[in-house]
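What follows is the content of my_file_33.cif, which has mmCIF, C-alpha atoms:
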```
data_work
loop_
_atom_site.label_atom_id
_atom_site.label_comp_id
_atom_site.auth_asym_id
_atom_site.auth_seq_id
_atom_site.Cartn_x
_atom_site.Cartn_y
_atom_site.Cartn_z
CA MET A 1 -5.31 17.25 -30.13
CA LYS A 2 -6.40 16.43 -26.63
CA LYS A 3 -5.09 18.49 -23.75
CA ARG A 4 -2.73 16.67 -21.43
CA LEU A 5 -3.58 16.03 -17.78
CA PHE A 6 -1.03 14.94 -15.18
CA ILE A 7 -2.20 14.04 -11.66
CA LYS A 8 0.21 13.10 -8.88
CA THR A 9 -1.51 11.41 -5.96
CA TYR A 10 -0.11 11.35 -2.44
CA GLY A 11 -1.22 9.26 0.51
CA CYS A 12 -4.33 7.21 1.07
CA GLN A 13 -6.70 5.27 -1.15
CA MET A 14 -9.27 8.03 -0.69
CA ASN A 15 -6.94 10.29 -2.65
CA VAL A 16 -6.55 7.62 -5.34
CA TYR A 17 -10.33 7.56 -5.65
CA ASP A 18 -10.54 11.37 -5.70
CA SER A 19 -7.85 11.62 -8.40
CA ALA A 20 -9.76 9.21 -10.62
CA ARG A 21 -12.93 11.27 -10.21
CA MET A 22 -11.06 14.49 -11.02
CA ALA A 23 -9.83 12.93 -14.24
CA GLU A 24 -13.44 12.06 -15.10
CA LEU A 25 -14.59 15.60 -14.32
CA VAL A 26 -12.16 17.17 -16.79
CA ALA A 27 -12.52 14.53 -19.51
CA PRO A 28 -15.45 16.45 -21.11
CA LEU A 29 -13.09 19.45 -21.30
CA ASP A 30 -10.90 17.31 -23.59
CA TYR A 31 -8.18 16.45 -21.03
CA ALA A 32 -6.52 13.05 -21.34
CA PRO A 33 -4.16 11.56 -18.70
CA VAL A 34 -0.39 11.49 -19.29
CA GLU A 35 2.41 9.91 -17.28
CA THR A 36 4.68 12.93 -16.71
CA PRO A 37 4.16 16.66 -16.05
CA ASP A 38 6.54 17.69 -18.84
CA GLY A 39 4.40 19.41 -21.45
CA ALA A 40 1.13 18.87 -19.59
CA ASP A 41 -1.67 21.42 -19.96
CA LEU A 42 -3.05 20.75 -16.47
CA VAL A 43 -1.07 19.47 -13.48
CA ILE A 44 -2.85 18.50 -10.26
CA LEU A 45 -1.02 17.57 -7.07
CA ASN A 46 -3.57 15.71 -4.93
CA THR A 47 -1.99 16.02 -1.50
CA CYS A 48 -2.09 14.22 1.85
CA HIS A 49 -1.44 15.83 5.24
CA ILE A 50 -0.83 12.62 7.20
CA ARG A 51 2.86 12.04 6.54
CA GLU A 52 5.65 13.99 8.20
CA LYS A 53 6.61 17.29 6.53
CA ALA A 54 3.79 16.82 4.03
CA ALA A 55 3.53 20.52 3.15
CA GLU A 56 7.27 20.88 2.55
CA LYS A 57 7.23 17.92 0.19
CA VAL A 58 4.47 19.62 -1.79
CA PHE A 59 6.45 22.87 -2.06
CA SER A 60 9.48 20.88 -3.18
CA GLU A 61 7.39 19.19 -5.89
CA LEU A 62 6.01 22.56 -6.97
CA GLY A 63 9.58 23.78 -7.56
CA GLY A 64 9.98 21.14 -10.24
CA ILE A 65 6.54 21.86 -11.71
CA LEU A 66 7.45 25.55 -12.04
CA ARG A 67 10.29 24.66 -14.40
CA PHE A 68 7.86 22.77 -16.65
CA LYS A 69 5.38 25.64 -16.48
CA ARG A 70 8.00 28.19 -17.57
CA ALA A 71 9.18 25.92 -20.37
CA LYS A 72 5.62 25.75 -21.67
CA GLU A 73 5.30 29.53 -21.46
CA ARG A 74 8.42 29.91 -23.59
CA GLN A 75 6.59 27.91 -26.26
CA GLY A 76 3.70 30.35 -26.08
CA GLU A 77 1.44 27.89 -24.25
CA ARG A 78 -0.02 27.73 -20.76
CA MET A 79 0.15 25.09 -18.05
CA LEU A 80 -2.49 25.27 -15.33
CA VAL A 81 -1.18 24.11 -11.95
CA ALA A 82 -3.50 22.98 -9.15
CA VAL A 83 -2.89 21.83 -5.58
CA ALA A 84 -5.75 19.72 -4.25
CA GLY A 85 -6.43 17.56 -1.21
CA CYS A 86 -5.73 17.86 2.48
CA VAL A 87 -2.59 20.05 2.38
CA ALA A 88 -4.52 22.44 0.15
CA GLN A 89 -7.41 22.46 2.62
CA ALA A 90 -5.16 23.10 5.62
CA GLU A 91 -2.66 25.50 4.08
CA GLY A 92 -4.33 27.00 1.04
CA GLU A 93 -3.42 30.62 1.69
CA GLU A 94 0.18 29.68 2.49
CA ILE A 95 0.44 27.80 -0.81
CA MET A 96 -0.77 30.82 -2.71
CA ARG A 97 1.68 33.06 -0.84
CA ARG A 98 4.73 30.84 -1.31
CA ALA A 99 3.88 29.58 -4.80
CA PRO A 100 1.97 32.39 -6.54
CA PHE A 101 2.30 30.62 -9.89
CA VAL A 102 -0.22 28.00 -8.69
CA ASP A 103 -3.51 28.64 -10.51
CA MET A 104 -5.93 26.65 -8.34
CA VAL A 105 -5.95 25.52 -4.72
CA PHE A 106 -8.92 23.46 -3.55
CA GLY A 107 -9.75 21.05 -0.77
CA PRO A 108 -11.13 17.50 -0.95
CA GLN A 109 -14.72 18.68 -0.50
CA THR A 110 -14.74 21.03 -3.50
CA TYR A 111 -13.07 19.16 -6.36
CA HIS A 112 -16.46 18.59 -7.98
CA ARG A 113 -16.20 22.30 -8.94
CA LEU A 114 -12.98 21.68 -10.88
CA PRO A 115 -14.40 22.46 -14.36
CA GLU A 116 -15.71 25.78 -13.04
CA MET A 117 -12.35 26.56 -11.40
CA ILE A 118 -10.50 25.78 -14.64
CA ALA A 119 -12.80 28.16 -16.51
CA ARG A 120 -12.24 30.91 -13.93
CA ALA A 121 -8.46 30.47 -13.89
CA THR A 122 -8.33 30.50 -17.69
CA ARG A 123 -10.71 33.41 -18.14
CA GLU A 124 -9.61 35.68 -15.30
CA GLY A 125 -5.92 34.82 -15.27
CA GLY A 126 -5.64 34.88 -11.48
CA SER A 127 -5.46 32.21 -8.81
CA VAL A 128 -8.55 30.38 -7.56
CA LEU A 129 -8.80 29.34 -3.90
CA ASP A 130 -11.69 27.10 -2.78
CA THR A 131 -11.30 25.41 0.60
CA SER A 132 -14.92 25.70 1.69
CA PHE A 133 -17.12 22.91 3.01
CA PRO A 134 -20.20 23.02 0.76
CA ALA A 135 -23.53 22.26 2.39
CA GLN A 136 -24.37 19.86 -0.43
CA PRO A 137 -22.24 16.70 -0.63
CA LYS A 138 -19.84 16.69 -3.56
CA PHE A 139 -21.04 13.21 -4.56
CA ASP A 140 -24.32 14.77 -5.72
CA HIS A 141 -22.36 16.74 -8.33
CA LEU A 142 -19.95 14.09 -9.61
CA PRO A 143 -20.67 12.40 -12.95
CA ALA A 144 -22.47 9.08 -12.68
CA THR A 145 -20.28 7.40 -15.26
CA ARG A 146 -17.03 5.92 -14.06
CA SER A 147 -13.89 5.38 -16.05
CA GLU A 148 -12.46 1.88 -16.01
CA GLN A 149 -10.32 1.34 -12.91
CA GLY A 150 -9.26 -2.17 -13.70
CA VAL A 151 -9.75 -5.44 -11.91
CA SER A 152 -9.66 -3.92 -8.42
CA ALA A 153 -11.54 -0.67 -7.83
CA PHE A 154 -12.06 1.82 -5.01
CA LEU A 155 -15.48 3.16 -4.06
CA SER A 156 -15.80 6.01 -1.56
CA ILE A 157 -18.82 5.56 0.70
CA GLN A 158 -18.01 7.80 3.67
CA GLU A 159 -15.92 10.89 4.31
CA GLY A 160 -14.86 12.96 7.28
CA CYS A 161 -14.38 12.16 10.92
CA ASP A 162 -16.06 13.09 14.20
CA LYS A 163 -13.56 11.33 16.47
CA PHE A 164 -11.01 14.17 16.87
CA CYS A 165 -8.01 12.07 17.82
CA THR A 166 -5.49 14.54 19.20
CA PHE A 167 -2.80 13.73 16.59
CA CYS A 168 -4.99 13.81 13.47
CA VAL A 169 -5.86 16.56 10.99
CA VAL A 170 -8.63 14.68 9.17
CA PRO A 171 -11.58 16.35 10.98
CA TYR A 172 -10.15 19.71 9.93
CA THR A 173 -9.32 18.84 6.33
CA ARG A 174 -12.14 16.42 5.42
CA GLY A 175 -14.84 17.79 7.73
CA ALA A 176 -17.60 16.04 9.64
CA GLU A 177 -18.67 12.48 8.92
CA PHE A 178 -20.91 12.09 5.91
CA SER A 179 -22.24 8.81 4.47
CA ARG A 180 -23.48 8.42 0.91
CA PRO A 181 -26.98 6.97 0.43
CA THR A 182 -26.90 3.22 -0.04
CA ALA A 183 -28.67 3.34 -3.41
CA GLN A 184 -25.94 5.66 -4.74
CA VAL A 185 -23.21 3.31 -3.48
CA ILE A 186 -24.83 0.20 -4.96
CA ALA A 187 -25.37 1.93 -8.31
CA GLU A 188 -21.70 2.93 -8.46
CA ALA A 189 -20.65 -0.61 -7.54
CA GLU A 190 -22.75 -1.93 -10.40
CA ARG A 191 -21.07 0.49 -12.83
CA LEU A 192 -17.61 -0.50 -11.61
CA VAL A 193 -18.37 -4.21 -12.09
CA ALA A 194 -19.82 -3.51 -15.53
CA ALA A 195 -16.52 -1.80 -16.37
CA GLY A 196 -14.55 -4.90 -15.38
CA ALA A 197 -13.96 -4.70 -11.63
CA ARG A 198 -13.96 -8.05 -9.84
CA GLU A 199 -12.98 -6.62 -6.45
CA ILE A 200 -14.20 -3.43 -4.77
CA THR A 201 -12.72 -1.75 -1.72
CA LEU A 202 -15.17 0.50 0.12
CA LEU A 203 -13.41 3.61 1.40
CA GLY A 204 -13.90 6.06 4.23
CA GLN A 205 -11.91 7.94 6.84
CA ASN A 206 -14.03 5.99 9.34
CA VAL A 207 -15.59 3.57 6.92
CA ASN A 208 -17.30 1.45 9.57
CA ALA A 209 -19.02 4.54 10.96
CA TYR A 210 -21.06 4.41 7.74
CA HIS A 211 -24.74 5.22 8.28
CA GLY A 212 -26.23 5.83 4.86
CA ALA A 213 -29.90 6.25 4.02
CA ALA A 214 -31.34 2.88 3.04
CA PRO A 215 -33.15 2.44 -0.28
CA PRO A 216 -36.90 3.12 -0.07
CA SER A 217 -37.47 -0.59 -0.68
CA GLY A 218 -34.98 -1.55 2.03
CA SER A 219 -35.91 -4.22 4.52
CA ASN A 220 -35.74 -1.80 7.43
CA GLY A 221 -38.26 0.62 6.02
CA GLY A 222 -36.10 3.36 4.54
CA SER A 223 -34.05 4.08 7.64
CA GLU A 224 -30.24 3.97 7.81
CA TRP A 225 -27.96 1.07 7.03
CA GLY A 226 -24.64 0.42 8.71
CA LEU A 227 -21.59 -0.99 6.97
CA GLY A 228 -22.59 -4.59 7.70
CA GLU A 229 -25.90 -4.20 5.88
CA LEU A 230 -24.23 -2.32 3.04
CA LEU A 231 -21.67 -5.11 2.55
CA CYS A 232 -24.48 -7.63 2.26
CA ALA A 233 -26.20 -5.50 -0.39
CA VAL A 234 -23.09 -4.75 -2.46
CA ALA A 235 -22.13 -8.45 -2.35
CA ARG A 236 -25.31 -9.19 -4.31
CA VAL A 237 -24.03 -7.25 -7.35
CA PRO A 238 -23.63 -9.94 -10.05
CA ALA A 239 -20.04 -10.85 -11.00
CA LEU A 240 -18.53 -9.09 -7.98
CA GLU A 241 -16.12 -11.61 -6.49
CA ARG A 242 -14.42 -9.76 -3.62
CA LEU A 243 -15.18 -7.01 -1.10
CA ARG A 244 -12.87 -5.12 1.22
CA TYR A 245 -13.18 -1.94 3.26
CA THR A 246 -10.82 0.52 4.88
CA THR A 247 -10.10 2.36 7.19
CA SER A 248 -11.95 1.23 10.31
CA HIS A 249 -12.13 2.49 13.87
CA PRO A 250 -12.29 -0.08 16.69
CA ARG A 251 -15.23 1.71 18.34
CA ASP A 252 -17.43 1.23 15.29
CA VAL A 253 -17.13 -2.54 14.83
CA ASP A 254 -20.69 -3.66 15.58
CA ASP A 255 -22.46 -7.01 15.56
CA ALA A 256 -23.83 -6.54 12.04
CA LEU A 257 -20.34 -5.94 10.67
CA ILE A 258 -18.97 -8.98 12.48
CA ALA A 259 -21.85 -11.03 11.06
CA ALA A 260 -20.94 -9.85 7.55
CA HIS A 261 -17.44 -11.25 8.03
CA ARG A 262 -19.03 -14.55 9.00
CA ASP A 263 -21.80 -14.75 6.40
CA VAL A 264 -20.77 -12.85 3.26
CA GLU A 265 -18.50 -14.94 1.07
CA GLN A 266 -17.23 -11.95 -0.89
CA VAL A 267 -15.87 -10.17 2.22
CA MET A 268 -12.19 -11.02 2.35
CA PRO A 269 -10.63 -12.39 5.58
CA PHE A 270 -8.32 -9.42 5.99
CA LEU A 271 -9.09 -6.33 8.06
CA HIS A 272 -7.16 -3.12 8.62
CA LEU A 273 -8.10 -2.04 12.14
CA PRO A 274 -5.81 0.71 13.51
CA VAL A 275 -5.10 0.63 17.25
CA GLN A 276 -2.20 3.17 17.40
CA SER A 277 -0.94 2.09 20.84
CA GLY A 278 -1.17 -0.79 23.31
CA SER A 279 -1.06 1.55 26.31
CA ASP A 280 -4.35 2.69 27.82
CA ARG A 281 -2.70 5.85 29.10
CA VAL A 282 -1.52 6.80 25.62
CA LEU A 283 -4.83 5.81 24.04
CA ALA A 284 -6.65 8.12 26.46
CA ALA A 285 -4.23 10.95 25.68
CA MET A 286 -4.86 10.37 21.97
CA ASN A 287 -8.64 10.56 22.57
CA ARG A 288 -9.03 7.21 20.84
CA ARG A 289 -12.14 6.37 22.92
CA HIS A 290 -11.20 2.72 23.29
CA THR A 291 -8.85 0.75 25.52
CA ALA A 292 -6.47 -2.05 24.67
CA ASP A 293 -8.94 -4.51 26.20
CA ASP A 294 -11.75 -3.09 24.03
CA TYR A 295 -9.62 -3.86 21.01
CA ARG A 296 -8.82 -7.36 22.30
CA ARG A 297 -12.52 -8.14 22.75
CA THR A 298 -13.35 -6.88 19.28
CA VAL A 299 -10.62 -9.01 17.72
CA GLN A 300 -11.83 -12.03 19.66
CA LYS A 301 -15.37 -11.59 18.28
CA LEU A 302 -14.07 -11.16 14.75
CA ARG A 303 -11.90 -14.26 14.95
CA GLN A 304 -14.76 -16.26 16.38
CA ALA A 305 -16.84 -15.20 13.39
CA ARG A 306 -14.04 -15.84 10.85
CA ALA A 307 -11.32 -18.16 12.07
CA ASP A 308 -8.99 -17.37 9.16
CA LEU A 309 -9.18 -13.59 9.64
CA ALA A 310 -5.86 -11.74 9.46
CA LEU A 311 -5.30 -8.24 10.82
CA SER A 312 -3.40 -5.14 9.82
CA SER A 313 -3.02 -2.06 11.99
CA ASP A 314 -1.45 1.38 12.46
CA PHE A 315 0.96 2.30 15.25
CA ILE A 316 2.37 5.62 16.42
CA VAL A 317 5.46 5.63 18.63
CA GLY A 318 6.90 8.56 20.52
CA TYR A 319 3.56 10.25 21.15
CA PRO A 320 3.98 13.17 23.62
CA GLY A 321 4.32 11.77 27.12
CA GLU A 322 4.80 8.14 26.01
CA SER A 323 6.95 6.46 28.64
CA GLU A 324 9.18 3.44 28.22
CA LEU A 325 6.50 1.46 30.07
CA ASP A 326 3.85 2.65 27.60
CA PHE A 327 6.05 1.61 24.69
CA ARG A 328 6.67 -1.84 26.21
CA ALA A 329 2.90 -2.25 26.60
CA THR A 330 2.55 -1.68 22.85
CA LEU A 331 5.20 -4.29 22.05
CA ASP A 332 3.49 -6.80 24.36
CA PHE A 333 0.15 -5.98 22.73
CA ILE A 334 1.54 -6.63 19.23
CA ALA A 335 3.08 -9.92 20.35
CA GLU A 336 -0.25 -10.99 21.83
CA ILE A 337 -2.59 -10.03 18.96
CA GLY A 338 -0.39 -10.80 15.95
CA PHE A 339 -0.57 -8.79 12.73
CA ALA A 340 -0.11 -9.91 9.14
CA GLN A 341 0.79 -6.38 8.01
CA SER A 342 1.06 -2.99 9.68
CA PHE A 343 2.00 0.63 9.21
CA SER A 344 4.06 2.38 11.87
CA PHE A 345 5.32 5.92 12.28
CA LYS A 346 7.16 8.24 14.60
CA TYR A 347 4.81 10.83 16.02
CA SER A 348 5.19 14.16 14.24
CA PRO A 349 3.14 17.25 15.14
CA ARG A 350 0.37 18.37 12.82
CA PRO A 351 -0.32 22.12 13.03
CA GLY A 352 -3.62 22.88 14.72
CA THR A 353 -4.01 19.52 16.45
CA PRO A 354 -4.05 19.35 20.28
CA ALA A 355 -1.00 17.07 20.51
CA ALA A 356 1.13 19.52 18.51
CA GLY A 357 1.27 21.83 21.53
CA GLU A 358 2.46 19.12 23.93
CA LYS A 359 6.06 18.60 24.96
CA GLN A 360 7.71 16.41 22.33
CA LEU A 361 9.93 13.40 22.95
CA PRO A 362 13.51 13.56 21.65
CA GLU A 363 13.85 12.43 18.04
CA GLU A 364 16.45 9.83 18.95
CA VAL A 365 14.00 8.21 21.40
CA LYS A 366 11.32 8.10 18.71
CA ALA A 367 13.75 6.62 16.20
CA GLU A 368 14.94 3.90 18.58
CA ARG A 369 11.41 2.92 19.50
CA LEU A 370 10.25 2.87 15.90
CA ALA A 371 13.13 0.61 14.89
CA GLU A 372 12.32 -1.87 17.66
CA LEU A 373 8.61 -1.82 16.91
CA GLN A 374 9.11 -2.27 13.18
CA ALA A 375 11.46 -5.18 13.75
CA LEU A 376 8.69 -6.97 15.65
CA LEU A 377 6.04 -6.12 13.05
CA GLN A 378 8.30 -7.26 10.20
CA LYS A 379 9.00 -10.51 12.00
CA GLN A 380 5.26 -11.14 12.29
CA GLN A 381 4.69 -10.29 8.62
CA ARG A 382 7.48 -12.59 7.47
CA ALA A 383 6.07 -15.40 9.62
CA PHE A 384 2.58 -14.86 8.21
CA ASN A 385 3.90 -14.94 4.66
CA ALA A 386 6.04 -18.01 5.35
CA ALA A 387 2.97 -19.83 6.66
CA SER A 388 1.43 -19.44 3.19
CA VAL A 389 4.09 -21.64 1.56
CA GLY A 390 2.57 -24.94 0.46
CA ARG A 391 -0.98 -23.60 0.49
CA VAL A 392 -3.17 -23.20 -2.57
CA MET A 393 -4.57 -19.66 -2.51
CA ALA A 394 -7.21 -18.00 -4.66
CA VAL A 395 -5.38 -15.16 -6.40
CA LEU A 396 -7.07 -12.37 -8.34
CA PHE A 397 -4.60 -11.43 -11.08
CA GLU A 398 -4.40 -7.69 -11.71
CA LYS A 399 -1.48 -6.78 -13.99
CA PRO A 400 1.76 -7.90 -15.67
CA GLY A 401 4.78 -8.47 -13.42
CA ARG A 402 8.34 -7.27 -13.90
CA HIS A 403 9.44 -10.35 -15.83
CA ASP A 404 8.23 -11.71 -19.15
CA GLY A 405 5.35 -14.12 -18.75
CA GLN A 406 4.78 -13.10 -15.13
CA LEU A 407 1.55 -11.70 -13.66
CA VAL A 408 0.88 -10.15 -10.27
CA GLY A 409 -2.26 -10.68 -8.25
CA ARG A 410 -3.55 -10.47 -4.71
CA SER A 411 -4.30 -13.21 -2.23
CA PRO A 412 -7.37 -12.96 0.01
CA TYR A 413 -5.00 -11.40 2.56
CA LEU A 414 -3.92 -8.64 0.16
CA GLN A 415 -0.47 -10.18 -0.30
CA PRO A 416 1.04 -9.56 -3.75
CA VAL A 417 1.48 -12.93 -5.50
CA HIS A 418 3.75 -13.44 -8.53
CA ALA A 419 3.19 -16.34 -10.90
CA GLU A 420 3.76 -17.22 -14.55
CA ALA A 421 0.46 -17.03 -16.39
CA ALA A 422 -0.99 -16.04 -19.75
CA PRO A 423 -2.02 -12.37 -20.20
CA GLU A 424 -5.68 -13.36 -20.51
CA THR A 425 -5.51 -14.52 -16.88
CA ILE A 426 -5.72 -10.87 -15.78
CA GLY A 427 -9.12 -10.33 -14.22
CA LYS A 428 -9.52 -13.97 -13.23
CA ILE A 429 -9.29 -15.65 -9.84
CA MET A 430 -6.97 -18.63 -10.13
CA PRO A 431 -5.68 -21.27 -7.72
CA VAL A 432 -2.00 -20.67 -7.02
CA ARG A 433 0.23 -22.98 -5.05
CA ILE A 434 2.60 -20.82 -3.02
CA ILE A 435 6.18 -22.01 -3.38
CA SER A 436 8.13 -19.22 -1.68
CA SER A 437 7.61 -16.19 0.54
CA HIS A 438 9.38 -12.87 0.73
CA ALA A 439 9.23 -9.89 3.08
CA ASN A 440 6.30 -8.27 1.25
CA SER A 441 5.09 -10.79 -1.32
CA LEU A 442 4.64 -14.42 -2.35
CA SER A 443 5.59 -16.48 -5.40
CA GLY A 444 3.66 -19.42 -6.75
CA VAL A 445 2.56 -21.59 -9.64
CA ILE A 446 -0.90 -22.04 -11.09
CA ALA A 447 -2.50 -25.05 -9.44
CA GLY A 448 -5.22 -27.31 -10.67
CA ASP A 449 -8.32 -26.81 -8.60
CA LEU A 450 -9.82 -23.59 -7.25
CA ASP A 451 -11.99 -25.57 -4.85
CA GLU A 452 -8.98 -26.40 -2.71
CA ALA A 453 -7.80 -22.79 -2.60
CA ALA A 454 -8.23 -20.36 0.25
CA GLN A 455 -11.00 -18.09 -1.05
#
```
Will you turn the file into structure tokens for me?
Amino acid sequence: MKKRLFIKTYGCQMNVYDSARMAELVAPLDYAPVETPDGADLVILNTCHIREKAAEKVFSELGGILRFKRAKERQGERMLVAVAGCVAQAEGEEIMRRAPFVDMVFGPQTYHRLPEMIARATREGGSVLDTSFPAQPKFDHLPATRSEQGVSAFLSIQEGCDKFCTFCVVPYTRGAEFSRPTAQVIAEAERLVAAGAREITLLGQNVNAYHGAAPPSGSNGGSEWGLGELLCAVARVPALERLRYTTSHPRDVDDALIAAHRDVEQVMPFLHLPVQSGSDRVLAAMNRRHTADDYRRTVQKLRQARADLALSSDFIVGYPGESELDFRATLDFIAEIGFAQSFSFKYSPRPGTPAAGEKQLPEEVKAERLAELQALLQKQQRAFNAASVGRVMAVLFEKPGRHDGQLVGRSPYLQPVHAEAAPETIGKIMPVRIISSHANSLSGVIAGDLDEAAQ
């Protein structure tokens, strides 16, 4: 019988990608994925340090895992428990101190060593801690084959961050910026499409800071390519219908990337471009290295290149020292730019970051500001969705819906779209006439002609 593998993934799409690769790494050891930790032979918690009280949530989860581990021991069997990802990288020793039953703790740069760590934990019986930053990129050690991810797949092209925003732990948990060679990225894209992917999302902590080595036969003589050039190359993979990328930094939107939005049909007209605040004073305190006007100019160029472009963003309210005037500047900024979707959070200190040592705003102030900001963002999202009603949109169907005969897909703007369709429609792009909108999704009916749809 195969051994059972349970992976719980927290946080960003990078972690989703990493979890899929971990599953591939242990597949040769005869591990097969299961849906619950009960009875599993290997449990991996792939953690994220971005959300508030991230570490405490991991320890709470581990409490439940311990019960399953003890139950397995009573049956004379062993469950290996691993904590991976950014919380593991930042707080590895604390995890081992507070949860000594954990067998493996490893950061996001070392999971390619997972088979070796499993062997050590099994053979030696003690805990394994690996939160180093290897000199050689982990991508050089990952298996070339990729398991099927479905219609829409993630592809990691860049990791780490050199920006050092004062609120962010990523430079400390993911390390310095590293970009995969373009040939490696294109080869993985080809494998994903061969496995059935019709849409690929390129991932990176600062994905548009990508600067990978160009193929030897590249048009610019083997130098580096930026994200714009990479998008053009990946778009040439046969049968790839859609391209997205996330997460971007406003400073790294260059002319080549803007041109890709204009010229590459597969690049979807939806961009997640975090701004965090509309106040220049707060942006400077955050070390964001751009102003509100810089962001405005970038958006203007993007919309000139692609008139139907829609934006998503991230916002932090209640950053240390944020005044009422700063907060109002953010609301005015949102009203001016307009966002189809957004993520917003109260500022919460991350240990080891510069902002964590600053004087914090009262929680009630943060809560009030977040409620007001989210009300505005939700109003914009509802208006954007409502404007889709009556349109025919090209929808890539991904999976069955909640109701019999219903499928769920994604519009070009990443909106979930529900429609009645045959199961064989999964994996196809179909014209859907939108008949109603909701807070976070759309409903529609299959229309007649894809040519009239918004691609």
Using only C-alpha atoms, find each residue of range 286-396 of chain A with at least one atom at most 8 Å away from an atom of range 262-278 of chain A; report its shortest atom-to-atom pair and that distance in Å (one decimal), sort the rows by chain and rising residue number, and return the result as a Markdown table.
```
| residue | atom | partner | partner_atom | distance |
| --- | --- | --- | --- | --- |
| A:Ala292 | CA | A:Gly278 | CA | 5.6 |
| A:Tyr295 | CA | A:Val275 | CA | 7.4 |
| A:Ala305 | CA | A:Arg262 | CA | 4.9 |
| A:Arg306 | CA | A:Arg262 | CA | 5.5 |
| A:Asp308 | CA | A:Pro269 | CA | 6.3 |
| A:Leu309 | CA | A:Pro269 | CA | 4.5 |
| A:Ala310 | CA | A:Phe270 | CA | 4.8 |
| A:Leu311 | CA | A:Leu271 | CA | 5.1 |
| A:Ser312 | CA | A:His272 | CA | 4.4 |
| A:Ser313 | CA | A:Pro274 | CA | 4.2 |
| A:Asp314 | CA | A:Pro274 | CA | 4.5 |
| A:Phe315 | CA | A:Gln276 | CA | 3.9 |
| A:Ile316 | CA | A:Gln276 | CA | 5.3 |
| A:Val317 | CA | A:Ser277 | CA | 7.6 |
| A:Asp326 | CA | A:Gly278 | CA | 7.4 |
| A:Phe327 | CA | A:Gly278 | CA | 7.7 |
| A:Ala329 | CA | A:Gly278 | CA | 5.4 |
| A:Thr330 | CA | A:Gly278 | CA | 3.9 |
| A:Leu331 | CA | A:Gly278 | CA | 7.4 |
| A:Asp332 | CA | A:Gly278 | CA | 7.7 |
| A:Phe333 | CA | A:Gly278 | CA | 5.4 |
| A:Ile334 | CA | A:Gly278 | CA | 7.6 |
```
Item to complete: Using only C-alpha atoms, determine which residues lie at most 12 Å from Ser437 in chain A, disregarding the query and same-chain residues fewer than 3 positions distant; provide the list as a list in words.
Response: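 Answer for this query is Gln381, Arg382, Ala383, Phe384, Asn385, Ala386, Ala387, Ser388, Val389, Gly390, Arg391, Gln415, Pro416, Val417, His418, Arg433, Ile434, Asn440, Ser441, Leu442, Ser443 and Gly444 of chain A.
Put simply, CA of Val58 in chain A is 19.3 Å away from CA of Thr110 in chain A.
Near Gly175 in chain A, within a cut-off of 12 Å and counting all atoms listed in the file, sit the residues Cys86, Gln89, Ala90, Gly107, Pro108, Gln109, Thr110, Thr131, Ser132, Phe133, Pro134, Ala135, Pro137, Gln158, Glu159, Gly160, Cys161, Asp162, Lys163, Phe164, Val169, Val170, Pro171, Tyr172, Thr173, Glu177, Phe178, Gln205 and Asn206 of chain A, with same-chain residues fewer than 2 positions away left out.
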Output of the above residues as a CSV table (one decimal), in the coordinates of the input, restricted to C-alpha atoms:
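Result file result-v1.csv:
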```csv
chain,number,residue,atom,x,y,z
A,86,CYS,CA,-5.7,17.9,2.5
A,89,GLN,CA,-7.4,22.5,2.6
A,90,ALA,CA,-5.2,23.1,5.6
A,107,GLY,CA,-9.8,21.0,-0.8
A,108,PRO,CA,-11.1,17.5,-1.0
A,109,GLN,CA,-14.7,18.7,-0.5
A,110,THR,CA,-14.7,21.0,-3.5
A,131,THR,CA,-11.3,25.4,0.6
A,132,SER,CA,-14.9,25.7,1.7
A,133,PHE,CA,-17.1,22.9,3.0
A,134,PRO,CA,-20.2,23.0,0.8
A,135,ALA,CA,-23.5,22.3,2.4
A,137,PRO,CA,-22.2,16.7,-0.6
A,158,GLN,CA,-18.0,7.8,3.7
A,159,GLU,CA,-15.9,10.9,4.3
A,160,GLY,CA,-14.9,13.0,7.3
A,161,CYS,CA,-14.4,12.2,10.9
A,162,ASP,CA,-16.1,13.1,14.2
A,163,LYS,CA,-13.6,11.3,16.5
A,164,PHE,CA,-11.0,14.2,16.9
A,169,VAL,CA,-5.9,16.6,11.0
A,170,VAL,CA,-8.6,14.7,9.2
A,171,PRO,CA,-11.6,16.4,11.0
A,172,TYR,CA,-10.2,19.7,9.9
A,173,THR,CA,-9.3,18.8,6.3
A,177,GLU,CA,-18.7,12.5,8.9
A,178,PHE,CA,-20.9,12.1,5.9
A,205,GLN,CA,-11.9,7.9,6.8
A,206,ASN,CA,-14.0,6.0,9.3
```
Worksheet entry | Non-local contacts of Phe397 in chain A (10 Å; all atoms listed in the file; under 3 positions in same chain excluded) as number ranges by chain | A: 151-152, 394, 400, 407-411, 416-419, 421, 423-430
